[in-house]
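Asker: Please find my_file-v7.cif (mmCIF, C-alpha atoms) on the next line:
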data_input
loop_
_atom_site.group_PDB
_atom_site.id
_atom_site.type_symbol
_atom_site.label_atom_id
_atom_site.label_comp_id
_atom_site.auth_asym_id
_atom_site.auth_seq_id
_atom_site.Cartn_x
_atom_site.Cartn_y
_atom_site.Cartn_z
ATOM 1 C CA MET A 13 0.000 0.000 0.000
ATOM 2 C CA LYS A 14 1.368 3.407 -0.948
ATOM 3 C CA LEU A 15 2.167 5.772 1.921
ATOM 4 C CA ARG A 16 -0.263 8.416 0.677
ATOM 5 C CA THR A 17 -3.109 5.878 0.509
ATOM 6 C CA PHE A 18 -2.230 4.523 3.940
ATOM 7 C CA LEU A 19 -2.208 7.977 5.486
ATOM 8 C CA SER A 20 -5.484 8.841 3.800
ATOM 9 C CA LEU A 21 -7.162 5.697 5.114
ATOM 10 C CA SER A 22 -5.704 6.290 8.586
ATOM 11 C CA LEU A 23 -7.053 9.851 8.601
ATOM 12 C CA CYS A 24 -10.491 8.650 7.527
ATOM 13 C CA LEU A 25 -10.477 6.010 10.289
ATOM 14 C CA LEU A 26 -9.430 8.564 12.903
ATOM 15 C CA THR A 27 -12.104 11.006 11.742
ATOM 16 C CA ALA A 28 -14.786 8.312 11.855
ATOM 17 C CA THR A 29 -13.674 7.220 15.326
ATOM 18 C CA MET A 30 -13.778 10.777 16.683
ATOM 19 C CA ALA A 31 -17.105 11.520 15.032
ATOM 20 C CA SER A 32 -18.690 8.407 16.546
ATOM 21 C CA ALA A 33 -17.396 9.108 20.066
ATOM 22 C CA GLN A 34 -20.110 11.700 20.689
ATOM 23 C CA ILE A 35 -23.667 12.505 19.678
ATOM 24 C CA SER A 36 -25.201 15.900 18.976
ATOM 25 C CA PHE A 37 -28.720 17.308 18.801
ATOM 26 C CA GLN A 38 -29.583 20.469 16.905
ATOM 27 C CA GLY A 39 -31.676 22.849 18.969
ATOM 28 C CA LYS A 40 -35.253 23.481 17.906
ATOM 29 C CA GLU A 41 -36.890 26.867 18.378
ATOM 30 C CA GLY A 42 -36.647 28.094 21.940
ATOM 31 C CA PRO A 43 -34.911 30.482 24.337
ATOM 32 C CA GLY A 44 -31.687 28.472 24.176
ATOM 33 C CA LYS A 45 -31.321 28.876 20.419
ATOM 34 C CA GLY A 46 -27.707 29.569 19.504
ATOM 35 C CA LYS A 47 -26.247 28.351 22.806
ATOM 36 C CA LYS A 48 -24.270 25.099 23.050
ATOM 37 C CA ILE A 49 -24.286 22.687 25.972
ATOM 38 C CA VAL A 50 -21.793 19.821 26.290
ATOM 39 C CA LEU A 51 -22.782 16.957 28.581
ATOM 40 C CA LEU A 52 -20.044 14.641 29.885
ATOM 41 C CA ALA A 53 -20.991 11.022 30.671
ATOM 42 C CA GLY A 54 -18.466 8.894 32.521
ATOM 43 C CA ASP A 55 -19.309 6.896 35.643
ATOM 44 C CA GLU A 56 -19.618 3.184 36.374
ATOM 45 C CA GLU A 57 -22.547 3.213 38.792
ATOM 46 C CA TYR A 58 -25.273 5.786 38.194
ATOM 47 C CA ARG A 59 -25.873 5.316 34.444
ATOM 48 C CA SER A 60 -24.648 8.679 33.173
ATOM 49 C CA GLU A 61 -24.651 7.144 29.696
ATOM 50 C CA GLU A 62 -28.470 7.119 29.977
ATOM 51 C CA VAL A 63 -28.849 10.416 31.844
ATOM 52 C CA MET A 64 -26.889 12.683 29.541
ATOM 53 C CA PRO A 65 -28.572 11.770 26.230
ATOM 54 C CA MET A 66 -31.957 12.113 27.940
ATOM 55 C CA LEU A 67 -31.133 15.608 29.235
ATOM 56 C CA ALA A 68 -29.566 16.574 25.899
ATOM 57 C CA LYS A 69 -32.759 15.673 24.032
ATOM 58 C CA ILE A 70 -34.950 17.683 26.415
ATOM 59 C CA LEU A 71 -32.639 20.694 26.241
ATOM 60 C CA SER A 72 -32.553 20.691 22.431
ATOM 61 C CA GLU A 73 -36.106 19.618 21.612
ATOM 62 C CA ARG A 74 -37.979 21.508 24.348
ATOM 63 C CA HIS A 75 -35.721 24.536 24.897
ATOM 64 C CA GLY A 76 -33.674 25.175 21.763
ATOM 65 C CA PHE A 77 -30.117 24.483 22.985
ATOM 66 C CA ASP A 78 -27.602 22.767 20.736
ATOM 67 C CA THR A 79 -26.317 19.798 22.733
ATOM 68 C CA THR A 80 -23.434 17.350 22.480
ATOM 69 C CA VAL A 81 -22.913 14.277 24.666
ATOM 70 C CA VAL A 82 -19.381 12.942 25.154
ATOM 71 C CA PHE A 83 -19.078 9.348 26.429
ATOM 72 C CA SER A 84 -16.459 7.114 27.997
ATOM 73 C CA ILE A 85 -15.393 4.874 25.129
ATOM 74 C CA ASN A 86 -13.691 1.501 24.918
ATOM 75 C CA ALA A 87 -10.749 2.323 22.673
ATOM 76 C CA ALA A 88 -10.655 -1.155 21.119
ATOM 77 C CA SER A 89 -14.334 -1.595 20.303
ATOM 78 C CA GLY A 90 -15.571 2.002 20.006
ATOM 79 C CA GLU A 91 -18.445 1.079 22.327
ATOM 80 C CA VAL A 92 -19.751 3.140 25.227
ATOM 81 C CA ASP A 93 -17.932 1.767 28.260
ATOM 82 C CA PRO A 94 -18.386 3.513 31.625
ATOM 83 C CA GLU A 95 -15.466 1.482 32.985
ATOM 84 C CA ALA A 96 -13.073 3.100 30.490
ATOM 85 C CA LYS A 97 -11.842 5.717 32.947
ATOM 86 C CA ASP A 98 -9.061 6.948 30.698
ATOM 87 C CA ASN A 99 -10.853 7.676 27.434
ATOM 88 C CA ASN A 100 -13.505 10.314 26.701
ATOM 89 C CA PRO A 101 -12.686 11.237 23.097
ATOM 90 C CA GLY A 102 -14.512 14.275 21.769
ATOM 91 C CA LEU A 103 -13.797 16.625 24.674
ATOM 92 C CA GLU A 104 -12.756 19.277 22.177
ATOM 93 C CA ALA A 105 -16.507 19.976 21.981
ATOM 94 C CA LEU A 106 -15.937 21.972 25.173
ATOM 95 C CA ASP A 107 -13.834 24.479 23.242
ATOM 96 C CA THR A 108 -16.990 26.117 21.880
ATOM 97 C CA ALA A 109 -19.425 25.299 24.704
ATOM 98 C CA ASP A 110 -21.486 27.813 26.669
ATOM 99 C CA LEU A 111 -22.211 25.312 29.465
ATOM 100 C CA CYS A 112 -20.771 22.012 30.686
ATOM 101 C CA ILE A 113 -23.014 19.505 32.487
ATOM 102 C CA MET A 114 -21.057 16.630 33.987
ATOM 103 C CA LEU A 115 -21.743 13.287 35.628
ATOM 104 C CA LEU A 116 -18.282 11.791 36.057
ATOM 105 C CA ARG A 117 -16.640 9.480 38.582
ATOM 106 C CA PHE A 118 -12.917 8.911 39.168
ATOM 107 C CA ARG A 119 -11.774 9.637 35.615
ATOM 108 C CA ALA A 120 -8.083 9.748 34.643
ATOM 109 C CA TRP A 121 -8.041 11.144 31.114
ATOM 110 C CA PRO A 122 -4.807 11.543 29.147
ATOM 111 C CA ASP A 123 -3.390 15.053 28.885
ATOM 112 C CA GLU A 124 -4.499 15.401 25.259
ATOM 113 C CA GLN A 125 -8.129 15.008 26.352
ATOM 114 C CA MET A 126 -7.810 16.639 29.758
ATOM 115 C CA LYS A 127 -6.491 19.883 28.285
ATOM 116 C CA HIS A 128 -9.922 20.689 26.838
ATOM 117 C CA PHE A 129 -11.668 20.283 30.197
ATOM 118 C CA ALA A 130 -8.934 22.261 31.963
ATOM 119 C CA ALA A 131 -9.232 25.111 29.467
ATOM 120 C CA TYR A 132 -13.001 25.161 29.879
ATOM 121 C CA ALA A 133 -12.728 25.195 33.693
ATOM 122 C CA ALA A 134 -10.265 28.098 33.511
ATOM 123 C CA SER A 135 -12.455 30.121 31.148
ATOM 124 C CA GLY A 136 -15.051 31.223 33.680
ATOM 125 C CA LYS A 137 -17.870 29.472 31.820
ATOM 126 C CA PRO A 138 -20.497 27.703 33.960
ATOM 127 C CA ILE A 139 -20.610 24.104 35.174
ATOM 128 C CA ILE A 140 -23.426 21.919 36.457
ATOM 129 C CA GLY A 141 -22.064 18.976 38.474
ATOM 130 C CA ILE A 142 -24.235 15.942 39.174
ATOM 131 C CA ARG A 143 -23.854 13.218 41.862
ATOM 132 C CA THR A 144 -20.365 11.654 41.645
ATOM 133 C CA SER A 145 -18.924 14.695 39.895
ATOM 134 C CA THR A 146 -17.825 15.727 43.399
ATOM 135 C CA HIS A 147 -15.171 13.049 42.812
ATOM 136 C CA ALA A 148 -14.913 13.372 39.051
ATOM 137 C CA PHE A 149 -11.166 12.765 38.746
ATOM 138 C CA ASN A 150 -8.663 10.474 40.421
ATOM 139 C CA GLY A 151 -5.129 9.382 39.639
ATOM 140 C CA LEU A 152 -4.253 12.322 37.408
ATOM 141 C CA LYS A 153 -0.555 13.131 37.446
ATOM 142 C CA GLY A 154 1.682 15.872 36.157
ATOM 143 C CA LEU A 155 0.163 18.964 34.580
ATOM 144 C CA TYR A 156 -3.430 18.216 35.616
ATOM 145 C CA ALA A 157 -2.887 16.575 39.004
ATOM 146 C CA SER A 158 -4.712 19.444 40.749
ATOM 147 C CA PHE A 159 -7.954 18.294 39.112
ATOM 148 C CA ASN A 160 -8.022 15.328 41.483
ATOM 149 C CA SER A 161 -9.429 17.941 43.900
ATOM 150 C CA PHE A 162 -11.755 19.526 41.328
ATOM 151 C CA GLY A 163 -14.871 18.538 43.291
ATOM 152 C CA LYS A 164 -13.733 20.215 46.481
ATOM 153 C CA ASN A 165 -12.156 23.235 44.832
ATOM 154 C CA VAL A 166 -14.811 24.022 42.232
ATOM 155 C CA LEU A 167 -18.074 22.162 42.844
ATOM 156 C CA GLY A 168 -17.812 22.642 46.596
ATOM 157 C CA GLU A 169 -17.368 19.118 47.934
ATOM 158 C CA GLN A 170 -15.495 15.875 47.377
ATOM 159 C CA TRP A 171 -16.394 12.284 48.221
ATOM 160 C CA VAL A 172 -17.046 11.985 51.977
ATOM 161 C CA SER A 173 -19.468 9.106 52.635
ATOM 162 C CA HIS A 174 -22.890 7.624 52.039
ATOM 163 C CA TRP A 175 -24.925 9.445 54.695
ATOM 164 C CA GLY A 176 -28.141 7.545 54.029
ATOM 165 C CA LYS A 177 -27.951 3.761 53.727
ATOM 166 C CA HIS A 178 -27.009 2.861 50.177
ATOM 167 C CA LYS A 179 -29.812 1.168 48.206
ATOM 168 C CA SER A 180 -32.209 1.104 51.154
ATOM 169 C CA GLU A 181 -32.757 4.747 52.221
ATOM 170 C CA ALA A 182 -33.974 7.119 49.514
ATOM 171 C CA THR A 183 -33.868 10.934 49.445
ATOM 172 C CA LYS A 184 -36.615 13.541 49.683
ATOM 173 C CA GLY A 185 -35.611 17.061 48.699
ATOM 174 C CA ILE A 186 -36.485 19.742 51.252
ATOM 175 C CA ILE A 187 -36.215 23.330 50.004
ATOM 176 C CA GLU A 188 -33.985 25.446 52.218
ATOM 177 C CA PRO A 189 -36.005 28.114 54.091
ATOM 178 C CA GLY A 190 -35.628 31.449 52.342
ATOM 179 C CA GLN A 191 -34.870 29.900 48.932
ATOM 180 C CA GLU A 192 -38.473 29.262 47.894
ATOM 181 C CA GLN A 193 -38.389 32.133 45.393
ATOM 182 C CA ASN A 194 -34.968 31.296 43.967
ATOM 183 C CA ALA A 195 -35.221 31.221 40.156
ATOM 184 C CA LEU A 196 -33.544 27.805 40.042
ATOM 185 C CA LEU A 197 -36.465 26.365 41.997
ATOM 186 C CA ARG A 198 -39.249 27.677 39.760
ATOM 187 C CA GLY A 199 -41.719 24.880 39.279
ATOM 188 C CA VAL A 200 -39.692 22.651 41.618
ATOM 189 C CA LYS A 201 -41.755 21.339 44.527
ATOM 190 C CA ASP A 202 -41.308 17.583 44.948
ATOM 191 C CA ILE A 203 -37.779 16.285 44.483
ATOM 192 C CA PHE A 204 -37.342 12.582 45.157
ATOM 193 C CA GLY A 205 -34.599 10.120 44.301
ATOM 194 C CA ASP A 206 -33.995 6.491 45.184
ATOM 195 C CA THR A 207 -30.290 7.171 45.711
ATOM 196 C CA ASP A 208 -29.112 7.900 49.236
ATOM 197 C CA VAL A 209 -28.024 11.250 50.639
ATOM 198 C CA TYR A 210 -24.286 11.959 50.455
ATOM 199 C CA GLU A 211 -22.457 13.446 53.420
ATOM 200 C CA ALA A 212 -21.521 16.927 52.221
ATOM 201 C CA TYR A 213 -20.235 20.209 53.653
ATOM 202 C CA PRO A 214 -20.235 22.925 50.985
ATOM 203 C CA PRO A 215 -18.016 25.947 51.758
ATOM 204 C CA ALA A 216 -19.275 29.140 53.356
ATOM 205 C CA ASP A 217 -19.588 30.860 49.976
ATOM 206 C CA ALA A 218 -22.103 28.273 48.756
ATOM 207 C CA LYS A 219 -25.816 29.019 48.694
ATOM 208 C CA ILE A 220 -27.718 25.923 49.805
ATOM 209 C CA LEU A 221 -30.984 25.484 47.904
ATOM 210 C CA VAL A 222 -32.152 21.982 48.873
ATOM 211 C CA ARG A 223 -31.379 19.581 51.704
ATOM 212 C CA GLY A 224 -31.856 15.837 51.568
ATOM 213 C CA GLU A 225 -34.171 14.145 54.035
ATOM 214 C CA VAL A 226 -33.032 10.567 54.563
ATOM 215 C CA LEU A 227 -36.062 8.299 54.204
ATOM 216 C CA ASN A 228 -36.621 4.990 55.970
ATOM 217 C CA GLY A 229 -37.388 3.212 52.714
ATOM 218 C CA MET A 230 -37.198 3.560 48.957
ATOM 219 C CA THR A 231 -40.463 5.275 48.008
ATOM 220 C CA PRO A 232 -41.648 8.900 48.241
ATOM 221 C CA GLU A 233 -44.157 7.825 50.900
ATOM 222 C CA SER A 234 -41.468 6.380 53.189
ATOM 223 C CA PRO A 235 -41.190 8.123 56.574
ATOM 224 C CA ALA A 236 -38.149 10.124 57.570
ATOM 225 C CA ALA A 237 -35.349 8.071 59.101
ATOM 226 C CA ASN A 238 -34.566 8.747 62.756
ATOM 227 C CA TYR A 239 -31.328 7.470 64.261
ATOM 228 C CA PRO A 240 -27.974 8.865 65.387
ATOM 229 C CA LYS A 241 -24.980 8.769 63.071
ATOM 230 C CA LYS A 242 -21.332 9.786 63.328
ATOM 231 C CA ARG A 243 -20.056 12.207 60.731
ATOM 232 C CA ALA A 244 -17.087 10.997 58.702
ATOM 233 C CA SER A 245 -15.715 14.535 58.738
ATOM 234 C CA ASP A 246 -15.116 14.897 62.491
ATOM 235 C CA LYS A 247 -16.618 11.735 64.072
ATOM 236 C CA ALA A 248 -19.174 13.812 65.998
ATOM 237 C CA GLU A 249 -22.615 12.252 66.354
ATOM 238 C CA GLN A 250 -25.863 13.842 65.180
ATOM 239 C CA GLY A 251 -29.321 12.767 64.123
ATOM 240 C CA VAL A 252 -29.291 11.523 60.527
ATOM 241 C CA ASN A 253 -31.747 14.331 59.659
ATOM 242 C CA SER A 254 -30.687 16.866 62.311
ATOM 243 C CA PRO A 255 -29.534 18.770 60.385
ATOM 244 C CA MET A 256 -30.159 17.378 56.929
ATOM 245 C CA MET A 257 -27.224 17.315 54.540
ATOM 246 C CA PRO A 258 -27.236 19.735 51.558
ATOM 247 C CA VAL A 259 -28.032 18.070 48.232
ATOM 248 C CA VAL A 260 -28.261 21.152 45.959
ATOM 249 C CA TRP A 261 -26.197 24.341 46.124
ATOM 250 C CA THR A 262 -24.709 27.083 43.971
ATOM 251 C CA ARG A 263 -21.391 28.941 44.023
ATOM 252 C CA GLU A 264 -19.514 31.537 42.031
ATOM 253 C CA VAL A 265 -15.870 30.516 41.706
ATOM 254 C CA LYS A 266 -12.965 32.730 40.637
ATOM 255 C CA THR A 267 -11.149 30.975 37.789
ATOM 256 C CA ASP A 268 -7.637 31.278 36.386
ATOM 257 C CA SER A 269 -8.978 33.734 33.818
ATOM 258 C CA GLY A 270 -10.070 36.054 36.615
ATOM 259 C CA LYS A 271 -13.734 35.508 35.802
ATOM 260 C CA ASP A 272 -16.396 34.214 38.180
ATOM 261 C CA ALA A 273 -17.882 30.916 37.026
ATOM 262 C CA LYS A 274 -21.448 30.037 37.967
ATOM 263 C CA ILE A 275 -21.583 26.574 39.564
ATOM 264 C CA LEU A 276 -24.634 24.426 40.310
ATOM 265 C CA THR A 277 -24.007 21.186 42.194
ATOM 266 C CA THR A 278 -26.351 18.385 43.192
ATOM 267 C CA THR A 279 -25.358 15.156 44.895
ATOM 268 C CA MET A 280 -28.508 13.538 43.527
ATOM 269 C CA GLY A 281 -28.745 12.317 39.969
ATOM 270 C CA SER A 282 -28.741 8.628 39.063
ATOM 271 C CA SER A 283 -30.681 7.555 36.000
ATOM 272 C CA SER A 284 -33.449 6.303 38.289
ATOM 273 C CA ASP A 285 -33.458 9.609 40.210
ATOM 274 C CA PHE A 286 -34.166 11.416 36.941
ATOM 275 C CA ARG A 287 -37.529 9.716 36.610
ATOM 276 C CA ASN A 288 -38.527 12.550 38.954
ATOM 277 C CA ASP A 289 -39.902 15.537 37.032
ATOM 278 C CA ASP A 290 -38.668 18.161 39.471
ATOM 279 C CA LEU A 291 -35.097 16.877 39.578
ATOM 280 C CA ARG A 292 -35.020 17.126 35.785
ATOM 281 C CA ARG A 293 -36.579 20.590 36.048
ATOM 282 C CA LEU A 294 -33.834 21.684 38.435
ATOM 283 C CA ILE A 295 -31.174 20.817 35.822
ATOM 284 C CA ILE A 296 -33.110 22.460 32.979
ATOM 285 C CA ASN A 297 -33.584 25.562 35.134
ATOM 286 C CA GLY A 298 -29.853 25.419 35.780
ATOM 287 C CA ALA A 299 -29.138 25.513 32.059
ATOM 288 C CA TYR A 300 -31.148 28.745 31.796
ATOM 289 C CA TRP A 301 -29.627 30.313 34.911
ATOM 290 C CA THR A 302 -26.009 29.507 34.113
ATOM 291 C CA THR A 303 -26.270 30.784 30.525
ATOM 292 C CA GLY A 304 -27.913 34.068 31.515
ATOM 293 C CA LEU A 305 -31.440 33.284 30.328
ATOM 294 C CA GLU A 306 -34.690 33.915 32.181
ATOM 295 C CA VAL A 307 -35.772 30.743 33.962
ATOM 296 C CA PRO A 308 -39.285 29.638 32.903
ATOM 297 C CA ALA A 309 -42.113 29.566 35.420
ATOM 298 C CA LYS A 310 -42.430 25.820 34.854
ATOM 299 C CA ALA A 311 -40.004 24.385 32.313
ATOM 300 C CA ASP A 312 -41.179 21.573 30.043
ATOM 301 C CA VAL A 313 -39.194 18.509 31.137
ATOM 302 C CA SER A 314 -41.222 15.826 29.368
ATOM 303 C CA PHE A 315 -39.100 13.060 27.895
ATOM 304 C CA VAL A 316 -38.204 13.016 24.221
ATOM 305 C CA GLY A 317 -38.710 9.385 23.261
ATOM 306 C CA ASP A 318 -38.534 6.519 25.730
ATOM 307 C CA PHE A 319 -36.643 6.777 29.014
ATOM 308 C CA LYS A 320 -36.881 4.077 31.683
ATOM 309 C CA GLY A 321 -34.173 5.268 34.087
ATOM 310 C CA SER A 322 -32.247 2.132 35.016
ATOM 311 C CA PHE A 323 -31.585 1.404 38.678
ATOM 312 C CA TYR A 324 -28.020 2.126 39.692
ATOM 313 C CA GLY A 325 -25.208 -0.303 40.438
ATOM 314 C CA PHE A 326 -21.791 -1.338 39.240
ATOM 315 C CA LYS A 327 -21.580 -3.602 36.161
ATOM 316 C CA GLY A 328 -25.148 -2.596 35.292
ATOM 317 C CA TYR A 329 -24.664 -0.782 32.008
ATOM 318 C CA VAL A 330 -25.962 -2.124 28.712
ATOM 319 C CA LYS A 331 -23.010 -3.554 26.829
ATOM 320 C CA GLY A 332 -22.420 -3.445 23.089
ATOM 321 C CA LEU A 333 -23.881 0.012 22.411
ATOM 322 C CA LYS A 334 -22.225 2.718 20.332
ATOM 323 C CA PRO A 335 -22.836 6.417 21.006
ATOM 324 C CA GLU A 336 -25.220 6.685 18.040
ATOM 325 C CA ASP A 337 -27.476 4.094 19.707
ATOM 326 C CA TYR A 338 -28.286 6.709 22.343
ATOM 327 C CA LYS A 339 -29.735 9.076 19.760
ATOM 328 C CA LYS A 340 -32.821 6.887 19.393
#
Now that the file is in, can you turn its structure into structure tokens?

Answerer:
Amino acid sequence: MKLRTFLSLSLCLLTATMASAQISFQGKEGPGKGKKIVLLAGDEEYRSEEVMPMLAKILSERHGFDTTVVFSINAASGEVDPEAKDNNPGLEALDTADLCIMLLRFRAWPDEQMKHFAAYAASGKPIIGIRTSTHAFNGLKGLYASFNSFGKNVLGEQWVSHWGKHKSEATKGIIEPGQEQNALLRGVKDIFGDTDVYEAYPPADAKILVRGEVLNGMTPESPAANYPKKRASDKAEQGVNSPMMPVVWTREVKTDSGKDAKILTTTMGSSSDFRNDDLRRLIINGAYWTTGLEVPAKADVSFVGDFKGSFYGFKGYVKGLKPEDYKK
């Protein structure tokens, strides 16, 4: 094979691989028209590979945003693989993004990919962090080693502990007194998720919007749990709901560019949690708020196509799917 032909075929293969590592949705008519949101999927437990395409479709179809989903990819097969912690090809989509929404867990991307996320984080553009994004990165070395503390430094918390009992005590969202009129909570009344509350201590500059009531059961009708528990942070004992842990908060963080980045963090957010209308509405409201748009009185968060919201757990992802399969 001639060198020119070989190089041409190699370039075509590389282009095809990069193109298939992400999916995009063109925004319909709506307030978000002309703005681009990039959604990063990459965790082994909470089915971000289901969550992000679902949110992307709602944002584009119902609200007009252009959206792109970037997945963790098995480099050998080209399939979506949440266990591929070191490969999220397509992160250059962040270079032109107006908002990043992330659901990541313990990623260790190579520098060539990480540089796009680092540049975005330094730009002062907004970020919405979901669930395990408080511990989005782990094991990074060299130039981007500081991002191992990205959750604590930017989102406002890192991994601390499961405060509620994992897979047996669900979460009811309780709006923080005084935040009832916050624009991010427009149309948000009944947040529920079957994931447990995380132990979390956002910094003093954070504005807490919602706290998580630990439930003694896995349904919205379950009563509040009532037992003492020692905090992992300082080993002091308190009632599991006295006080309740924060599960939604905002911050404005000074970035390397000197700009203040709007941050919205929630420690809720598995695929099964997002069956809840008001949790989806919180994220959609966040897309409006972070991009400088007026938040609707009650945003349309109806699903585009079918969404079941798989229950969470390790090894639970659907194998053999390519990114384009999530466009359906």

Asker: Per residue of stretch 251-336 of chain A within 12 Å of stretch 95-119 of chain A, note the shortest atom pair and the distance in Å to one decimal, counting all atoms listed in the file, and order the rows by chain and increasing residue number, as a Markdown table.

Answerer:
| residue | atom | partner | partner_atom | distance |
| --- | --- | --- | --- | --- |
| A:Ala273 | CA | A:Leu111 | CA | 10.4 |
| A:Lys274 | CA | A:Leu111 | CA | 9.8 |
| A:Ile275 | CA | A:Cys112 | CA | 10.0 |
| A:Leu276 | CA | A:Ile113 | CA | 9.4 |
| A:Thr277 | CA | A:Met114 | CA | 9.8 |
| A:Thr278 | CA | A:Leu115 | CA | 10.2 |
| A:Thr279 | CA | A:Leu115 | CA | 10.1 |
| A:Met280 | CA | A:Leu115 | CA | 10.4 |
| A:Gly281 | CA | A:Leu115 | CA | 8.3 |
| A:Ser282 | CA | A:Leu115 | CA | 9.1 |
| A:Ser283 | CA | A:Leu115 | CA | 10.6 |
| A:Ile295 | CA | A:Ile113 | CA | 8.9 |
| A:Ile296 | CA | A:Ile113 | CA | 10.5 |
| A:Gly298 | CA | A:Ile113 | CA | 9.6 |
| A:Ala299 | CA | A:Leu111 | CA | 7.4 |
| A:Tyr300 | CA | A:Leu111 | CA | 9.9 |
| A:Trp301 | CA | A:Leu111 | CA | 10.5 |
| A:Thr302 | CA | A:Leu111 | CA | 7.3 |
| A:Thr303 | CA | A:Asp110 | CA | 6.8 |
| A:Gly304 | CA | A:Asp110 | CA | 10.2 |
| A:Leu305 | CA | A:Asp110 | CA | 11.9 |
| A:Phe326 | CA | A:Glu95 | CA | 9.3 |
| A:Lys327 | CA | A:Glu95 | CA | 8.6 |
| A:Gly328 | CA | A:Glu95 | CA | 10.8 |
| A:Tyr329 | CA | A:Glu95 | CA | 9.5 |
| A:Val330 | CA | A:Glu95 | CA | 11.9 |
| A:Lys331 | CA | A:Glu95 | CA | 11.0 |
| A:Pro335 | CA | A:Pro101 | CA | 11.4 |

Asker: Since I can't run it myself right now, could you work out what the PyMOL selection byres ((chain A and resi 229-241) around 10) selects here and report it as a PDB file with C-alpha atoms, in the coordinates of the input?

Answerer:
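The result, stored in part_7.pdb:
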ATOM      1  CA  TRP A 175     -24.925   9.445  54.695  1.00  0.00           C
ATOM      2  CA  GLY A 176     -28.141   7.545  54.029  1.00  0.00           C
ATOM      3  CA  LYS A 177     -27.951   3.761  53.727  1.00  0.00           C
ATOM      4  CA  LYS A 179     -29.812   1.168  48.206  1.00  0.00           C
ATOM      5  CA  SER A 180     -32.209   1.104  51.154  1.00  0.00           C
ATOM      6  CA  GLU A 181     -32.757   4.747  52.221  1.00  0.00           C
ATOM      7  CA  ALA A 182     -33.974   7.119  49.514  1.00  0.00           C
ATOM      8  CA  THR A 183     -33.868  10.934  49.445  1.00  0.00           C
ATOM      9  CA  LYS A 184     -36.615  13.541  49.683  1.00  0.00           C
ATOM     10  CA  ASP A 202     -41.308  17.583  44.948  1.00  0.00           C
ATOM     11  CA  ILE A 203     -37.779  16.285  44.483  1.00  0.00           C
ATOM     12  CA  PHE A 204     -37.342  12.582  45.157  1.00  0.00           C
ATOM     13  CA  GLY A 205     -34.599  10.120  44.301  1.00  0.00           C
ATOM     14  CA  ASP A 206     -33.995   6.491  45.184  1.00  0.00           C
ATOM     15  CA  THR A 207     -30.290   7.171  45.711  1.00  0.00           C
ATOM     16  CA  ASP A 208     -29.112   7.900  49.236  1.00  0.00           C
ATOM     17  CA  GLU A 225     -34.171  14.145  54.035  1.00  0.00           C
ATOM     18  CA  VAL A 226     -33.032  10.567  54.563  1.00  0.00           C
ATOM     19  CA  LEU A 227     -36.062   8.299  54.204  1.00  0.00           C
ATOM     20  CA  ASN A 228     -36.621   4.990  55.970  1.00  0.00           C
ATOM     21  CA  LYS A 242     -21.332   9.786  63.328  1.00  0.00           C
ATOM     22  CA  ARG A 243     -20.056  12.207  60.731  1.00  0.00           C
ATOM     23  CA  ALA A 244     -17.087  10.997  58.702  1.00  0.00           C
ATOM     24  CA  LYS A 247     -16.618  11.735  64.072  1.00  0.00           C
ATOM     25  CA  ALA A 248     -19.174  13.812  65.998  1.00  0.00           C
ATOM     26  CA  GLU A 249     -22.615  12.252  66.354  1.00  0.00           C
ATOM     27  CA  GLN A 250     -25.863  13.842  65.180  1.00  0.00           C
ATOM     28  CA  GLY A 251     -29.321  12.767  64.123  1.00  0.00           C
ATOM     29  CA  VAL A 252     -29.291  11.523  60.527  1.00  0.00           C
ATOM     30  CA  ASN A 253     -31.747  14.331  59.659  1.00  0.00           C
ATOM     31  CA  SER A 254     -30.687  16.866  62.311  1.00  0.00           C
TER      32      SER A 254
END

Asker: One decimal, in Å: what's the spacing between atom CA of A:Gly185 and atom CA of A:Trp171?

Answerer: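 It comes out at 19.8 Å.
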
Asker: Write out as a ChimeraX atom specification each polymer residue whose atoms come within 10 Å of A:Arg292, counting all atoms listed in the file; drop sequence neighbours fewer than 3 positions from it.

Answerer: /A:63,66-67,70,200,203,281,285-289,295-298,311-315

Asker: What separation in Å, quoted to one decimal, exists between atom CA of A:Asp290 and atom CA of A:Lys201?

Answerer: 6.7 Å

Asker: Got a sec to resolve the PyMOL selection byres ((chain A and resi 215) around 12) on this structure and send the residues as a list in words?

Answerer: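 This file, filtered by the PyMOL selection byres ((chain A and resi 215) around 12), leaves Gly163, Lys164, Asn165, Val166, Leu167, Gly168, Glu169, Gln170, Ala212, Tyr213, Pro214, Ala216, Asp217, Ala218, Lys219, Ile220, Pro258, Trp261, Thr262, Arg263, Glu264 and Val265 of chain A.
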
Asker: Would you mind listing, for every residue of stretch 219-338 of chain A within 6 Å of stretch 188-199 of chain A, the two atoms forming the shortest contact and the distance between them in Å to one decimal, using all atoms listed in the file, sorted by chain and ascending residue number, as JSON lines?

Answerer:
{"residue": "A:Leu221", "atom": "CA", "partner": "A:Glu188", "partner_atom": "CA", "distance": 5.3}
{"residue": "A:Val222", "atom": "CA", "partner": "A:Glu188", "partner_atom": "CA", "distance": 5.2}
{"residue": "A:Asn297", "atom": "CA", "partner": "A:Leu196", "partner_atom": "CA", "distance": 5.4}
{"residue": "A:Ala309", "atom": "CA", "partner": "A:Arg198", "partner_atom": "CA", "distance": 5.5}
{"residue": "A:Lys310", "atom": "CA", "partner": "A:Gly199", "partner_atom": "CA", "distance": 4.6}

Asker: To one decimal place, how far is atom CA of A:Gln38 from atom CA of A:Glu61 in Å?

Answerer: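 Between these atoms lies a distance of 19.1 Å.
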
Asker: Distance table requested - stretch 49-93 of chain A against stretch 122-136 of chain A, cut-off 12 Å, all atoms listed in the file: one row per qualifying residue with the closest atom pair and its distance in Å to one decimal, ordered by chain and rising residue number, as a Markdown table.

Answerer:
| residue | atom | partner | partner_atom | distance |
| --- | --- | --- | --- | --- |
| A:Val50 | CA | A:Phe129 | CA | 10.9 |
| A:Leu51 | CA | A:Phe129 | CA | 11.7 |
| A:Leu52 | CA | A:Phe129 | CA | 10.1 |
| A:Val82 | CA | A:Gln125 | CA | 11.5 |
| A:Ser84 | CA | A:Gln125 | CA | 11.6 |
